[in-house]
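Dumped entry.cif below, it's mmCIF, C-alpha atoms:
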```
data_input
#
loop_
_atom_site.label_atom_id
_atom_site.label_comp_id
_atom_site.auth_asym_id
_atom_site.auth_seq_id
_atom_site.Cartn_x
_atom_site.Cartn_y
_atom_site.Cartn_z
CA MET A 1 -59.18 -8.02 -38.12
CA ALA A 2 -60.51 -6.90 -34.76
CA SER A 3 -63.93 -6.17 -36.17
CA ARG A 4 -64.04 -9.64 -37.75
CA PHE A 5 -63.33 -11.10 -34.26
CA TRP A 6 -66.25 -9.21 -32.75
CA THR A 7 -68.58 -10.26 -35.55
CA TRP A 8 -67.52 -13.87 -34.90
CA LEU A 9 -68.00 -13.49 -31.15
CA HIS A 10 -71.43 -11.94 -31.48
CA LYS A 11 -72.43 -14.72 -33.86
CA LYS A 12 -71.17 -17.38 -31.43
CA GLY A 13 -72.94 -15.55 -28.63
CA SER A 14 -76.28 -15.49 -30.39
CA PRO A 15 -78.72 -17.80 -28.55
CA PRO A 16 -79.32 -20.48 -31.25
CA VAL A 17 -75.62 -20.77 -32.16
CA PHE A 18 -74.62 -20.94 -28.49
CA TYR A 19 -77.29 -23.53 -27.75
CA ASP A 20 -76.06 -25.79 -30.56
CA MET A 21 -72.43 -25.41 -29.58
CA ALA A 22 -73.19 -26.17 -25.91
CA ASP A 23 -75.16 -29.24 -26.94
CA ARG A 24 -72.11 -30.58 -28.74
CA TRP A 25 -69.59 -29.81 -25.96
CA ALA A 26 -71.55 -30.62 -22.81
CA PRO A 27 -71.70 -34.44 -23.12
CA TRP A 28 -67.92 -34.64 -23.62
CA LEU A 29 -67.25 -32.44 -20.61
CA GLY A 30 -69.77 -34.31 -18.48
CA TRP A 31 -68.43 -37.79 -19.17
CA LEU A 32 -64.77 -36.78 -19.04
CA SER A 33 -65.28 -35.05 -15.69
CA LEU A 34 -67.08 -38.11 -14.31
CA ILE A 35 -64.21 -40.37 -15.40
CA ALA A 36 -61.52 -38.00 -14.08
CA ILE A 37 -63.24 -37.60 -10.69
CA ALA A 38 -63.82 -41.37 -10.38
CA VAL A 39 -60.20 -42.21 -11.28
CA GLY A 40 -58.83 -39.41 -9.07
CA LEU A 41 -60.92 -40.41 -6.05
CA PHE A 42 -59.98 -44.08 -6.47
CA GLY A 43 -56.33 -43.06 -6.66
CA GLY A 44 -56.63 -40.76 -3.66
CA LEU A 45 -58.85 -42.82 -1.38
CA VAL A 46 -57.59 -46.32 -2.21
CA LEU A 47 -54.19 -46.29 -3.94
CA ALA A 48 -52.40 -43.35 -2.27
CA PRO A 49 -50.42 -44.17 0.92
CA THR A 50 -51.43 -42.81 4.34
CA ASP A 51 -49.77 -39.67 5.69
CA TYR A 52 -47.04 -40.15 8.31
CA GLN A 53 -48.80 -38.03 10.93
CA GLN A 54 -52.42 -37.52 9.88
CA GLY A 55 -53.10 -41.10 8.85
CA ASP A 56 -56.14 -41.32 6.61
CA SER A 57 -57.78 -38.00 7.50
CA TYR A 58 -55.53 -36.13 5.06
CA ARG A 59 -57.47 -37.78 2.20
CA ILE A 60 -60.10 -35.05 2.49
CA ILE A 61 -57.74 -32.90 0.39
CA TYR A 62 -58.96 -34.80 -2.68
CA ILE A 63 -62.28 -32.98 -2.21
CA HIS A 64 -61.14 -29.89 -0.30
CA VAL A 65 -58.31 -28.64 -2.53
CA PRO A 66 -60.20 -28.98 -5.85
CA SER A 67 -63.28 -27.27 -4.35
CA ALA A 68 -61.25 -24.44 -2.84
CA TRP A 69 -59.37 -23.94 -6.11
CA MET A 70 -62.64 -23.94 -8.09
CA SER A 71 -64.29 -21.52 -5.65
CA MET A 72 -61.68 -18.94 -6.69
CA PHE A 73 -61.51 -19.93 -10.38
CA VAL A 74 -65.29 -19.68 -10.80
CA TYR A 75 -65.30 -16.26 -9.15
CA MET A 76 -62.66 -14.95 -11.57
CA PHE A 77 -64.62 -16.46 -14.46
CA MET A 78 -67.86 -14.88 -13.21
CA ALA A 79 -66.24 -11.45 -12.72
CA SER A 80 -64.62 -11.58 -16.18
CA MET A 81 -67.97 -12.43 -17.77
CA ALA A 82 -69.60 -9.59 -15.80
CA ALA A 83 -66.90 -7.19 -17.05
CA VAL A 84 -67.44 -8.29 -20.66
CA GLY A 85 -71.18 -7.81 -20.10
CA ILE A 86 -70.67 -4.31 -18.72
CA VAL A 87 -68.20 -3.09 -21.35
CA TRP A 88 -69.38 -4.87 -24.51
CA ARG A 89 -73.04 -5.54 -23.56
CA LEU A 90 -72.70 -9.15 -24.69
CA LYS A 91 -75.86 -10.85 -23.41
CA ILE A 92 -74.41 -14.34 -23.35
CA ALA A 93 -71.62 -13.09 -21.04
CA ASP A 94 -74.18 -11.75 -18.54
CA ALA A 95 -76.05 -15.06 -18.77
CA MET A 96 -72.89 -17.05 -18.04
CA ALA A 97 -71.93 -14.82 -15.09
CA LEU A 98 -75.38 -15.44 -13.61
CA THR A 99 -75.34 -19.21 -14.15
CA ALA A 100 -71.77 -19.55 -12.84
CA ALA A 101 -72.61 -17.94 -9.47
CA PRO A 102 -74.54 -20.84 -7.80
CA ILE A 103 -71.91 -23.33 -9.00
CA GLY A 104 -69.18 -21.21 -7.44
CA ALA A 105 -71.19 -20.84 -4.23
CA MET A 106 -71.51 -24.62 -4.07
CA PHE A 107 -67.75 -25.17 -4.50
CA THR A 108 -67.14 -22.57 -1.75
CA ALA A 109 -69.59 -24.28 0.61
CA VAL A 110 -67.93 -27.66 -0.03
CA ALA A 111 -64.48 -26.17 0.59
CA LEU A 112 -65.64 -24.59 3.89
CA THR A 113 -67.41 -27.70 5.22
CA SER A 114 -64.73 -30.20 4.17
CA GLY A 115 -62.12 -27.92 5.75
CA ALA A 116 -64.08 -27.76 9.00
CA ILE A 117 -64.49 -31.55 9.11
CA TRP A 118 -60.73 -31.93 8.57
CA GLY A 119 -59.89 -29.15 11.02
CA LYS A 120 -61.38 -30.88 14.05
CA PRO A 121 -59.09 -33.97 14.08
CA THR A 122 -56.05 -32.08 12.76
CA TRP A 123 -56.02 -28.62 14.37
CA GLY A 124 -58.33 -29.48 17.23
CA THR A 125 -61.12 -27.09 16.19
CA TYR A 126 -63.76 -26.82 13.46
CA TRP A 127 -63.36 -23.11 12.92
CA VAL A 128 -61.09 -20.19 13.76
CA TRP A 129 -61.28 -16.61 12.51
CA ASP A 130 -57.92 -16.57 10.78
CA ALA A 131 -57.33 -14.71 7.51
CA ARG A 132 -57.72 -17.69 5.18
CA LEU A 133 -60.95 -19.05 6.67
CA THR A 134 -62.53 -15.64 7.07
CA SER A 135 -61.76 -14.50 3.50
CA GLU A 136 -63.14 -17.78 2.11
CA LEU A 137 -66.36 -17.21 4.09
CA ILE A 138 -66.56 -13.68 2.64
CA LEU A 139 -66.27 -15.30 -0.81
CA LEU A 140 -69.40 -17.35 -0.06
CA PHE A 141 -71.27 -14.18 0.94
CA LEU A 142 -70.07 -12.42 -2.24
CA TYR A 143 -71.56 -15.21 -4.35
CA LEU A 144 -74.83 -15.12 -2.40
CA GLY A 145 -74.93 -11.31 -2.54
CA TYR A 146 -74.38 -11.39 -6.31
CA ILE A 147 -77.26 -13.86 -6.80
CA ALA A 148 -79.55 -11.91 -4.46
CA LEU A 149 -78.81 -8.54 -6.10
CA TYR A 150 -79.34 -9.95 -9.59
CA ASN A 151 -82.73 -11.35 -8.58
CA ALA A 152 -83.78 -8.26 -6.63
CA ILE A 153 -83.82 -6.00 -9.71
CA GLU A 154 -86.70 -6.39 -12.14
CA ASP A 155 -85.10 -4.92 -15.26
CA GLU A 156 -82.68 -7.45 -16.62
CA ARG A 157 -80.03 -5.09 -18.02
CA THR A 158 -79.93 -3.05 -14.82
CA ALA A 159 -79.74 -6.26 -12.78
CA ALA A 160 -76.81 -7.57 -14.83
CA ARG A 161 -74.95 -4.25 -14.52
CA ALA A 162 -75.55 -3.74 -10.77
CA ALA A 163 -74.67 -7.34 -9.86
CA GLY A 164 -71.72 -7.18 -12.26
CA ILE A 165 -70.26 -4.18 -10.41
CA LEU A 166 -70.60 -6.10 -7.12
CA ALA A 167 -68.79 -9.05 -8.70
CA LEU A 168 -65.97 -6.74 -9.83
CA VAL A 169 -65.62 -5.14 -6.38
CA GLY A 170 -65.33 -8.64 -4.89
CA VAL A 171 -62.38 -9.52 -7.14
CA VAL A 172 -60.11 -7.88 -4.55
CA ASN A 173 -60.91 -10.79 -2.21
CA ILE A 174 -59.35 -13.42 -4.50
CA PRO A 175 -55.67 -12.44 -4.02
CA ILE A 176 -56.45 -11.99 -0.31
CA ILE A 177 -57.67 -15.59 -0.06
CA HIS A 178 -54.73 -16.90 -2.04
CA PHE A 179 -51.95 -14.96 -0.30
CA SER A 180 -53.52 -14.75 3.20
CA VAL A 181 -51.40 -17.67 4.40
CA GLU A 182 -48.22 -15.99 3.10
CA TRP A 183 -48.87 -12.39 4.15
CA TRP A 184 -50.15 -13.01 7.68
CA HIS A 185 -49.82 -15.51 10.52
CA SER A 186 -52.67 -17.98 10.16
CA LEU A 187 -53.70 -21.37 11.46
CA HIS A 188 -54.28 -22.62 7.93
CA GLN A 189 -51.16 -24.12 6.32
CA GLY A 190 -49.42 -22.61 3.32
CA PRO A 191 -50.37 -23.42 -0.27
CA ILE A 192 -49.55 -26.86 -1.64
CA GLU A 193 -46.64 -26.51 -4.01
CA ILE A 194 -47.02 -28.43 -7.23
CA ASN A 195 -43.85 -28.99 -9.22
CA LEU A 196 -43.80 -31.52 -12.00
CA THR A 197 -40.01 -31.60 -12.18
CA GLU A 198 -38.85 -30.88 -8.62
CA LYS A 199 -40.13 -31.93 -5.23
CA SER A 200 -43.78 -31.07 -4.51
CA SER A 201 -45.58 -30.75 -1.17
CA LEU A 202 -47.10 -34.16 -1.88
CA GLN A 203 -45.16 -37.22 -2.97
CA PRO A 204 -45.98 -38.37 -6.55
CA SER A 205 -48.30 -41.23 -5.50
CA MET A 206 -50.43 -38.69 -3.56
CA LEU A 207 -50.09 -35.90 -6.14
CA TRP A 208 -51.42 -37.50 -9.33
CA PRO A 209 -54.87 -38.31 -7.87
CA LEU A 210 -55.14 -34.70 -6.67
CA LEU A 211 -54.28 -33.30 -10.11
CA THR A 212 -56.80 -35.72 -11.66
CA THR A 213 -59.67 -34.69 -9.37
CA MET A 214 -58.75 -31.02 -9.95
CA ALA A 215 -59.03 -31.54 -13.73
CA GLY A 216 -62.32 -33.38 -13.14
CA PHE A 217 -63.76 -30.54 -11.03
CA GLN A 218 -62.68 -28.05 -13.71
CA MET A 219 -64.61 -29.95 -16.41
CA LEU A 220 -67.55 -30.48 -14.04
CA PHE A 221 -67.82 -26.69 -13.74
CA PHE A 222 -67.86 -26.11 -17.50
CA TRP A 223 -70.37 -28.92 -17.98
CA ALA A 224 -72.72 -27.45 -15.37
CA LEU A 225 -72.14 -23.94 -16.76
CA LEU A 226 -73.11 -24.94 -20.32
CA ARG A 227 -76.17 -26.90 -19.21
CA ARG A 228 -77.39 -24.13 -16.88
CA THR A 229 -76.81 -21.44 -19.53
CA GLN A 230 -78.71 -23.53 -22.11
CA THR A 231 -81.69 -23.70 -19.75
CA LEU A 232 -81.52 -19.96 -19.09
CA VAL A 233 -81.33 -19.16 -22.83
CA LEU A 234 -84.32 -21.42 -23.53
CA THR A 235 -86.43 -19.80 -20.80
CA LYS A 236 -85.62 -16.31 -22.06
CA GLU A 237 -86.18 -17.10 -25.74
CA ILE A 238 -89.22 -19.30 -25.22
CA ALA A 239 -91.21 -17.31 -27.80
CA ALA A 240 -88.51 -17.30 -30.47
CA LYS A 241 -88.84 -19.23 -33.70
CA TRP A 242 -85.64 -21.22 -33.25
CA VAL A 243 -86.86 -22.61 -29.92
CA LYS A 244 -90.10 -23.72 -31.56
CA ARG A 245 -88.16 -25.44 -34.35
CA LEU A 246 -85.90 -27.07 -31.76
CA MET A 247 -88.85 -28.39 -29.77
CA GLU A 248 -90.45 -29.79 -32.90
CA SER A 249 -87.26 -31.51 -33.99
CA LYS A 250 -86.82 -33.09 -30.55
CA ALA A 251 -90.42 -34.21 -30.23
CA MET B 1 -62.87 -0.27 -29.78
CA THR B 2 -65.63 2.33 -29.93
CA PRO B 3 -65.21 5.39 -27.65
CA VAL B 4 -68.19 4.41 -25.48
CA ARG B 5 -66.76 0.92 -24.85
CA ARG B 6 -63.34 2.40 -24.14
CA LYS B 7 -64.98 4.67 -21.56
CA ARG B 8 -66.81 1.77 -19.89
CA LEU B 9 -63.61 -0.29 -19.85
CA THR B 10 -61.78 2.63 -18.20
CA TYR B 11 -64.48 2.79 -15.50
CA VAL B 12 -64.13 -0.94 -14.83
CA LEU B 13 -60.34 -0.68 -14.53
CA LEU B 14 -60.61 2.42 -12.29
CA LEU B 15 -63.06 0.56 -10.05
CA LEU B 16 -60.67 -2.39 -9.70
CA ALA B 17 -57.71 -0.09 -8.98
CA GLY B 18 -59.67 1.98 -6.44
CA VAL B 19 -61.04 -0.97 -4.51
CA GLY B 20 -57.64 -2.68 -4.63
CA ALA B 21 -55.82 0.36 -3.26
CA SER B 22 -58.29 0.99 -0.42
CA VAL B 23 -58.27 -2.65 0.66
CA PHE B 24 -54.46 -2.66 0.51
CA PHE B 25 -54.21 0.34 2.88
CA ALA B 26 -56.97 -0.99 5.14
CA THR B 27 -55.26 -4.36 5.58
CA GLN B 28 -51.92 -2.62 6.16
CA ALA B 29 -53.53 -0.58 8.94
CA MET B 30 -55.21 -3.61 10.52
CA LYS B 31 -52.23 -5.91 10.14
CA GLU B 32 -51.92 -6.62 13.87
CA ASN B 33 -55.54 -7.71 14.06
CA ILE B 34 -55.34 -9.88 10.96
CA MET B 35 -52.30 -11.72 12.31
CA PHE B 36 -53.72 -14.83 13.95
CA PHE B 37 -50.92 -15.16 16.52
CA TYR B 38 -47.80 -13.47 17.89
CA SER B 39 -44.39 -15.04 17.38
CA PRO B 40 -42.07 -15.74 20.36
CA THR B 41 -39.79 -12.93 19.08
CA GLN B 42 -42.68 -10.44 19.20
CA VAL B 43 -43.65 -11.56 22.71
CA GLU B 44 -40.07 -11.26 23.94
CA ALA B 45 -39.90 -7.74 22.48
CA GLY B 46 -43.04 -6.84 24.46
CA GLU B 47 -45.25 -6.37 21.38
CA SER B 48 -47.99 -8.68 22.67
CA PRO B 49 -50.88 -7.14 24.65
CA ALA B 50 -50.02 -7.01 28.36
CA GLY B 51 -52.58 -8.53 30.73
CA ALA B 52 -54.89 -9.65 27.92
CA ARG B 53 -55.51 -12.96 26.20
CA PHE B 54 -53.65 -13.47 22.94
CA ARG B 55 -52.38 -16.29 20.74
CA LEU B 56 -48.79 -17.44 20.59
CA GLY B 57 -47.52 -19.50 17.66
CA GLY B 58 -44.26 -21.40 17.26
CA LEU B 59 -42.57 -24.76 17.01
CA VAL B 60 -42.48 -27.08 20.03
CA GLN B 61 -38.80 -27.21 20.94
CA THR B 62 -37.25 -30.67 20.80
CA GLY B 63 -36.71 -32.14 24.28
CA SER B 64 -38.75 -29.45 26.04
CA VAL B 65 -42.01 -31.36 26.67
CA VAL B 66 -42.50 -32.23 30.37
CA ARG B 67 -45.65 -33.93 31.65
CA GLU B 68 -46.54 -33.52 35.34
CA GLU B 69 -46.93 -36.86 37.12
CA GLY B 70 -50.52 -37.54 38.14
CA SER B 71 -52.06 -34.56 36.31
CA ILE B 72 -52.80 -33.47 32.78
CA GLU B 73 -50.56 -30.45 33.04
CA VAL B 74 -47.93 -30.30 30.34
CA ARG B 75 -45.10 -27.82 29.94
CA PHE B 76 -43.15 -27.11 26.78
CA VAL B 77 -41.21 -24.35 25.04
CA LEU B 78 -42.41 -22.61 21.86
CA THR B 79 -39.69 -21.22 19.60
CA ASP B 80 -39.23 -19.50 16.26
CA THR B 81 -35.48 -20.27 16.57
CA LYS B 82 -34.80 -16.63 17.59
CA ALA B 83 -36.75 -16.48 20.86
CA GLU B 84 -38.19 -19.04 23.27
CA ILE B 85 -41.32 -18.79 25.43
CA PRO B 86 -42.16 -21.44 28.07
CA VAL B 87 -45.80 -22.59 27.94
CA SER B 88 -47.92 -24.35 30.55
CA PHE B 89 -51.19 -26.06 29.60
CA SER B 90 -53.77 -28.22 31.37
CA GLY B 91 -56.08 -29.97 28.97
CA ILE B 92 -56.30 -32.25 26.01
CA LEU B 93 -53.62 -31.73 23.39
CA PRO B 94 -54.45 -32.21 19.68
CA ASP B 95 -53.38 -35.55 18.17
CA LEU B 96 -50.73 -33.85 16.08
CA PHE B 97 -48.96 -32.36 19.10
CA ARG B 98 -45.32 -33.47 19.18
CA GLU B 99 -41.82 -32.04 19.33
CA GLY B 100 -40.96 -30.02 16.23
CA GLN B 101 -44.65 -29.46 15.42
CA GLY B 102 -46.10 -26.00 14.81
CA ILE B 103 -48.55 -25.03 17.58
CA VAL B 104 -50.85 -22.08 18.27
CA ALA B 105 -51.59 -21.58 21.99
CA HIS B 106 -54.29 -19.23 23.32
CA GLY B 107 -53.89 -17.75 26.80
CA ARG B 108 -52.16 -15.13 28.94
CA LEU B 109 -48.55 -14.25 29.67
CA ARG B 110 -47.81 -14.52 33.41
CA ALA B 111 -45.56 -11.94 35.07
CA ASP B 112 -42.73 -14.49 35.34
CA GLY B 113 -42.72 -14.93 31.55
CA VAL B 114 -44.58 -18.27 31.42
CA PHE B 115 -47.43 -18.38 28.91
CA MET B 116 -50.50 -19.93 30.60
CA ALA B 117 -52.46 -21.55 27.73
CA ASP B 118 -56.08 -22.63 27.99
CA GLU B 119 -56.31 -23.86 24.38
CA VAL B 120 -53.71 -25.49 22.14
CA LEU B 121 -54.23 -26.00 18.40
CA ALA B 122 -51.93 -27.82 15.98
CA LYS B 123 -50.81 -25.81 12.96
CA HIS B 124 -50.25 -28.35 10.27
CA ASP B 125 -47.84 -27.67 7.40
CA GLU B 126 -48.54 -28.22 3.72
CA ASN B 127 -46.34 -31.31 3.35
CA TYR B 128 -47.91 -34.73 3.05
CA MET B 129 -45.90 -37.95 2.78
CA SER B 130 -46.01 -41.61 3.72
CA PRO B 131 -43.99 -43.02 6.67
CA GLU B 132 -41.62 -44.71 4.18
CA VAL B 133 -40.73 -41.38 2.58
CA VAL B 134 -40.16 -39.84 6.03
CA GLU B 135 -37.74 -42.66 6.89
CA ALA B 136 -35.93 -42.27 3.55
CA LEU B 137 -35.54 -38.51 4.04
CA LYS B 138 -34.34 -38.97 7.63
CA ALA B 139 -31.75 -41.50 6.43
CA ALA B 140 -30.58 -38.94 3.89
CA GLY B 141 -29.97 -36.50 6.77
CA HIS B 142 -33.04 -34.27 6.31
CA ASP B 143 -35.81 -34.54 8.92
CA PRO B 144 -39.09 -33.49 7.25
CA THR B 145 -41.12 -33.74 10.47
CA LYS B 146 -39.72 -30.45 11.75
CA GLY B 147 -41.96 -27.47 11.05
CA ASN B 148 -40.71 -24.45 9.15
CA PRO B 149 -39.75 -21.65 11.60
CA GLU B 150 -40.20 -19.02 8.88
CA GLU B 151 -43.97 -19.43 9.20
CA TYR B 152 -43.78 -18.00 12.72
CA GLY B 153 -41.80 -14.83 12.09
CA ARG B 154 -43.88 -12.62 9.80
CA GLN B 155 -43.71 -8.89 10.38
#
```

Re-express the file's structure as structure tokens.
Amino acid sequence: MASRFWTWLHKKGSPPVFYDMADRWAPWLGWLSLIAIAVGLFGGLVLAPTDYQQGDSYRIIYIHVPSAWMSMFVYMFMASMAAVGIVWRLKIADAMALTAAPIGAMFTAVALTSGAIWGKPTWGTYWVWDARLTSELILLFLYLGYIALYNAIEDERTAARAAGILALVGVVNIPIIHFSVEWWHSLHQGPIEINLTEKSSLQPSMLWPLLTTMAGFQMLFFWALLRRTQTLVLTKEIAAKWVKRLMESKA
Amino acid sequence: MTPVRRKRLTYVLLLLAGVGASVFFATQAMKENIMFFYSPTQVEAGESPAGARFRLGGLVQTGSVVREEGSIEVRFVLTDTKAEIPVSFSGILPDLFREGQGIVAHGRLRADGVFMADEVLAKHDENYMSPEVVEALKAAGHDPTKGNPEEYGRQ
């Protein structure tokens, strides 16, 4: 049973099979994410009521919270792929860890900048060195370090393994980011509580647009991941027969 | 799972456990530095650094805000419901400053026990709601505009 699973996985992970599968999934993810983000932003920026004390400036959460959530999700995804690459030597896993990194770095940068822009009118400062902000900045450097280390090593298998170990070491930062506001005194507020049955931190008319943009960002990540991995696979396999056939069929 | 994969998986898990444990002990040891501010209870107990600048966090006590006529000096009391520290500040307060709001003040503790702040930041909470909902909750006997004192008493 287990061996049949691995045969299946290796088959799915083979470049031509992966390329075909990604080609089928990517358009769905791309369009659905576009729709979800558009609907969510319209709901959040136009339909949702203003906050009783922040007025309209709270609306930055419709960008900030999904980005911050994705910055951590993408890191866990990247580290899991790196672990699979290290233990099972599955090439497609290494490829996906590498292509996920810049996307995660972008989400982290958006979370940091949108937070700073919101911080000035709300807290009275763009930046403080509290536990939440500092650990999120470390996350950005972990992404950049991973990308730099991967590109600094010529041999591809060594590069994947070395960068993968760095990604795994950085996993410790994820619970620190998440629980920093509960473990220590910080300027950053606590996590938004989302309850579908009981009372949430946001009233329902503010909550549904947030959940919609979060779903949209999630699909945006997988769309970008598939497209980037397709490009990487094509570049690596440029001399292979299946790429030649593919080019001829598309021409 | 082949033995060689099992071995690699063990290494990965050991790495995660090792890094996790060392970071856990390191953050435990540096707890005081990671804490962004001291609570009024800690200051009253003399745990804050004497003669040095530090941050004090708490809720602005209802009815305690006094503005000096003809100047920008403002005095108020910060509380975590267990201890109270009077604060004096000359400068521009953040828009969110009001009674019941969570505040982080940066400054020094004077010998007479008054905290002389040179910077005041608003610590927002994670609750967002429209003015209508605030009114409805107030009518139901629960004022949501009061900050949560538990956020200011971590040990």

Find the residues of chain B that sit at most 9 Å from chain A; for each, write down the nearest two atoms and how far apart they are in Å, to one decimal. Count all atoms listed in the file. Sort by chain, then by number going up, and give it as a Markdown table.
```
| residue | atom | partner | partner_atom | distance |
| --- | --- | --- | --- | --- |
| B:Met1 | CA | A:Ala2 | CA | 8.6 |
| B:Val4 | CA | A:Val87 | CA | 8.6 |
| B:Arg5 | CA | A:Val87 | CA | 5.5 |
| B:Arg6 | CA | A:Val87 | CA | 7.8 |
| B:Lys7 | CA | A:Val87 | CA | 8.4 |
| B:Arg8 | CA | A:Val87 | CA | 5.3 |
| B:Leu9 | CA | A:Val87 | CA | 5.6 |
| B:Val12 | CA | A:Ala83 | CA | 7.2 |
| B:Leu15 | CA | A:Val169 | CA | 7.2 |
| B:Leu16 | CA | A:Val169 | CA | 6.6 |
| B:Val19 | CA | A:Val169 | CA | 6.5 |
| B:Gly20 | CA | A:Val172 | CA | 5.8 |
| B:Val23 | CA | A:Val172 | CA | 7.6 |
| B:Lys31 | CA | A:Trp184 | CA | 7.8 |
| B:Ile34 | CA | A:Ala131 | CA | 6.3 |
| B:Met35 | CA | A:His185 | CA | 4.9 |
| B:Phe36 | CA | A:Ser186 | CA | 5.0 |
| B:Phe37 | CA | A:His185 | CA | 6.1 |
| B:Tyr38 | CA | A:His185 | CA | 7.9 |
| B:Ser39 | CA | A:His185 | CA | 8.8 |
| B:Gly57 | CA | A:His185 | CA | 8.5 |
| B:Leu93 | CA | A:Gly124 | CA | 8.1 |
| B:Pro94 | CA | A:Gly124 | CA | 5.3 |
| B:Asp95 | CA | A:Thr122 | CA | 7.0 |
| B:Leu96 | CA | A:Thr122 | CA | 6.5 |
| B:Ile103 | CA | A:Leu187 | CA | 8.8 |
| B:Val104 | CA | A:Leu187 | CA | 7.4 |
| B:Val120 | CA | A:Gly124 | CA | 7.8 |
| B:Leu121 | CA | A:Trp123 | CA | 5.1 |
| B:Ala122 | CA | A:Trp123 | CA | 4.5 |
| B:Lys123 | CA | A:Leu187 | CA | 5.5 |
| B:His124 | CA | A:Gln189 | CA | 5.9 |
| B:Asp125 | CA | A:Gln189 | CA | 5.0 |
| B:Glu126 | CA | A:Gln189 | CA | 5.5 |
| B:Asn127 | CA | A:Ser201 | CA | 4.6 |
| B:Tyr128 | CA | A:Leu202 | CA | 5.0 |
| B:Met129 | CA | A:Asp51 | CA | 5.1 |
| B:Ser130 | CA | A:Asp51 | CA | 4.7 |
| B:Pro131 | CA | A:Tyr52 | CA | 4.5 |
| B:Glu132 | CA | A:Tyr52 | CA | 8.2 |
| B:Val133 | CA | A:Gln203 | CA | 8.2 |
| B:Val134 | CA | A:Tyr52 | CA | 7.3 |
| B:Thr145 | CA | A:Gln53 | CA | 8.8 |
| B:Glu151 | CA | A:His185 | CA | 7.2 |
| B:Tyr152 | CA | A:His185 | CA | 6.9 |
| B:Gly153 | CA | A:His185 | CA | 8.2 |
| B:Arg154 | CA | A:Trp184 | CA | 6.6 |
| B:Gln155 | CA | A:Trp184 | CA | 8.1 |
```

Worksheet item: So how many Å separate CA of Ala251 in chain A and CA of Gly13 in chain A, to one decimal?
Response: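 These two atoms are separated by 25.6 Å.
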
Discussion item. What would the selection look like, as a PyMOL selection string, if the PyMOL selection byres ((chain A and resi 160) around 8) were run on the coordinates I just shared?
Written reply: chain A and resi 82+85-86+94+150+156-159+161-164

Item to complete: Measure the distance from CA of Tyr143 in chain A to CA of Ala101 in chain A in Å and round it to one decimal.
Response: 5.9 Å

Worksheet item: At most 6 Å from (-43.8, -32.0, 13.4), file frame, only C-alpha atoms: which residues, as a ChimeraX atom specification?
Response: /B:100-101,145-147

Worksheet item: If you apply the PyMOL selection byres ((chain A and resi 228) around 12) to this file, what residues do you get, as an NGL selection string?
Response: :A and (19 or 22-23 or 26 or 95-103 or 221-227 or 229-235)

Write the residues of the preceding selection, restricted to C-alpha atoms, as an mmCIF file, in the coordinates of the input.
```cif
data_model
loop_
_atom_site.group_PDB
_atom_site.id
_atom_site.type_symbol
_atom_site.label_atom_id
_atom_site.label_comp_id
_atom_site.auth_asym_id
_atom_site.auth_seq_id
_atom_site.Cartn_x
_atom_site.Cartn_y
_atom_site.Cartn_z
ATOM 1 C CA TYR A 19 -77.290 -23.530 -27.750
ATOM 2 C CA ALA A 22 -73.190 -26.170 -25.910
ATOM 3 C CA ASP A 23 -75.160 -29.240 -26.940
ATOM 4 C CA ALA A 26 -71.550 -30.620 -22.810
ATOM 5 C CA ALA A 95 -76.050 -15.060 -18.770
ATOM 6 C CA MET A 96 -72.890 -17.050 -18.040
ATOM 7 C CA ALA A 97 -71.930 -14.820 -15.090
ATOM 8 C CA LEU A 98 -75.380 -15.440 -13.610
ATOM 9 C CA THR A 99 -75.340 -19.210 -14.150
ATOM 10 C CA ALA A 100 -71.770 -19.550 -12.840
ATOM 11 C CA ALA A 101 -72.610 -17.940 -9.470
ATOM 12 C CA PRO A 102 -74.540 -20.840 -7.800
ATOM 13 C CA ILE A 103 -71.910 -23.330 -9.000
ATOM 14 C CA PHE A 221 -67.820 -26.690 -13.740
ATOM 15 C CA PHE A 222 -67.860 -26.110 -17.500
ATOM 16 C CA TRP A 223 -70.370 -28.920 -17.980
ATOM 17 C CA ALA A 224 -72.720 -27.450 -15.370
ATOM 18 C CA LEU A 225 -72.140 -23.940 -16.760
ATOM 19 C CA LEU A 226 -73.110 -24.940 -20.320
ATOM 20 C CA ARG A 227 -76.170 -26.900 -19.210
ATOM 21 C CA THR A 229 -76.810 -21.440 -19.530
ATOM 22 C CA GLN A 230 -78.710 -23.530 -22.110
ATOM 23 C CA THR A 231 -81.690 -23.700 -19.750
ATOM 24 C CA LEU A 232 -81.520 -19.960 -19.090
ATOM 25 C CA VAL A 233 -81.330 -19.160 -22.830
ATOM 26 C CA LEU A 234 -84.320 -21.420 -23.530
ATOM 27 C CA THR A 235 -86.430 -19.800 -20.800
#
```

Worksheet item: Once the PyMOL selection byres ((chain B and resi 77) around 6) has been applied to the shown file, what residues remain in the selection, as a list of chain:residue names?
Response: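 Those residues are B:Val60, B:Gln61, B:Ser64, B:Phe76, B:Leu78, B:Ile85, B:Pro86, B:Val87.
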
Item to complete: Place a sphere of radius 12 Å on (-71.0, -26.4, -6.1) in the file coordinates and name every protein, DNA or RNA residue with an atom inside or on its surface, counting only C-alpha atoms; give the answer as a VMD selection string.
Response: chain A and resid 63 to 64 66 to 72 74 99 to 113 140 143 217 to 218 220 to 222 224 to 225

Worksheet, complete the sentence: One residue among B:Ala52, B:Ala26, B:Ala136, B:Leu109 is nearest to Pro40 in chain B when using all atoms listed in the file, and that residue is B:Leu109

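Of the residues listed (A:Ala93, A:Ala79, A:Leu29, A:Ala148), A:Leu29 shows the shortest atom-to-atom separation from Met219 in chain A; distances use all atoms listed in the file.
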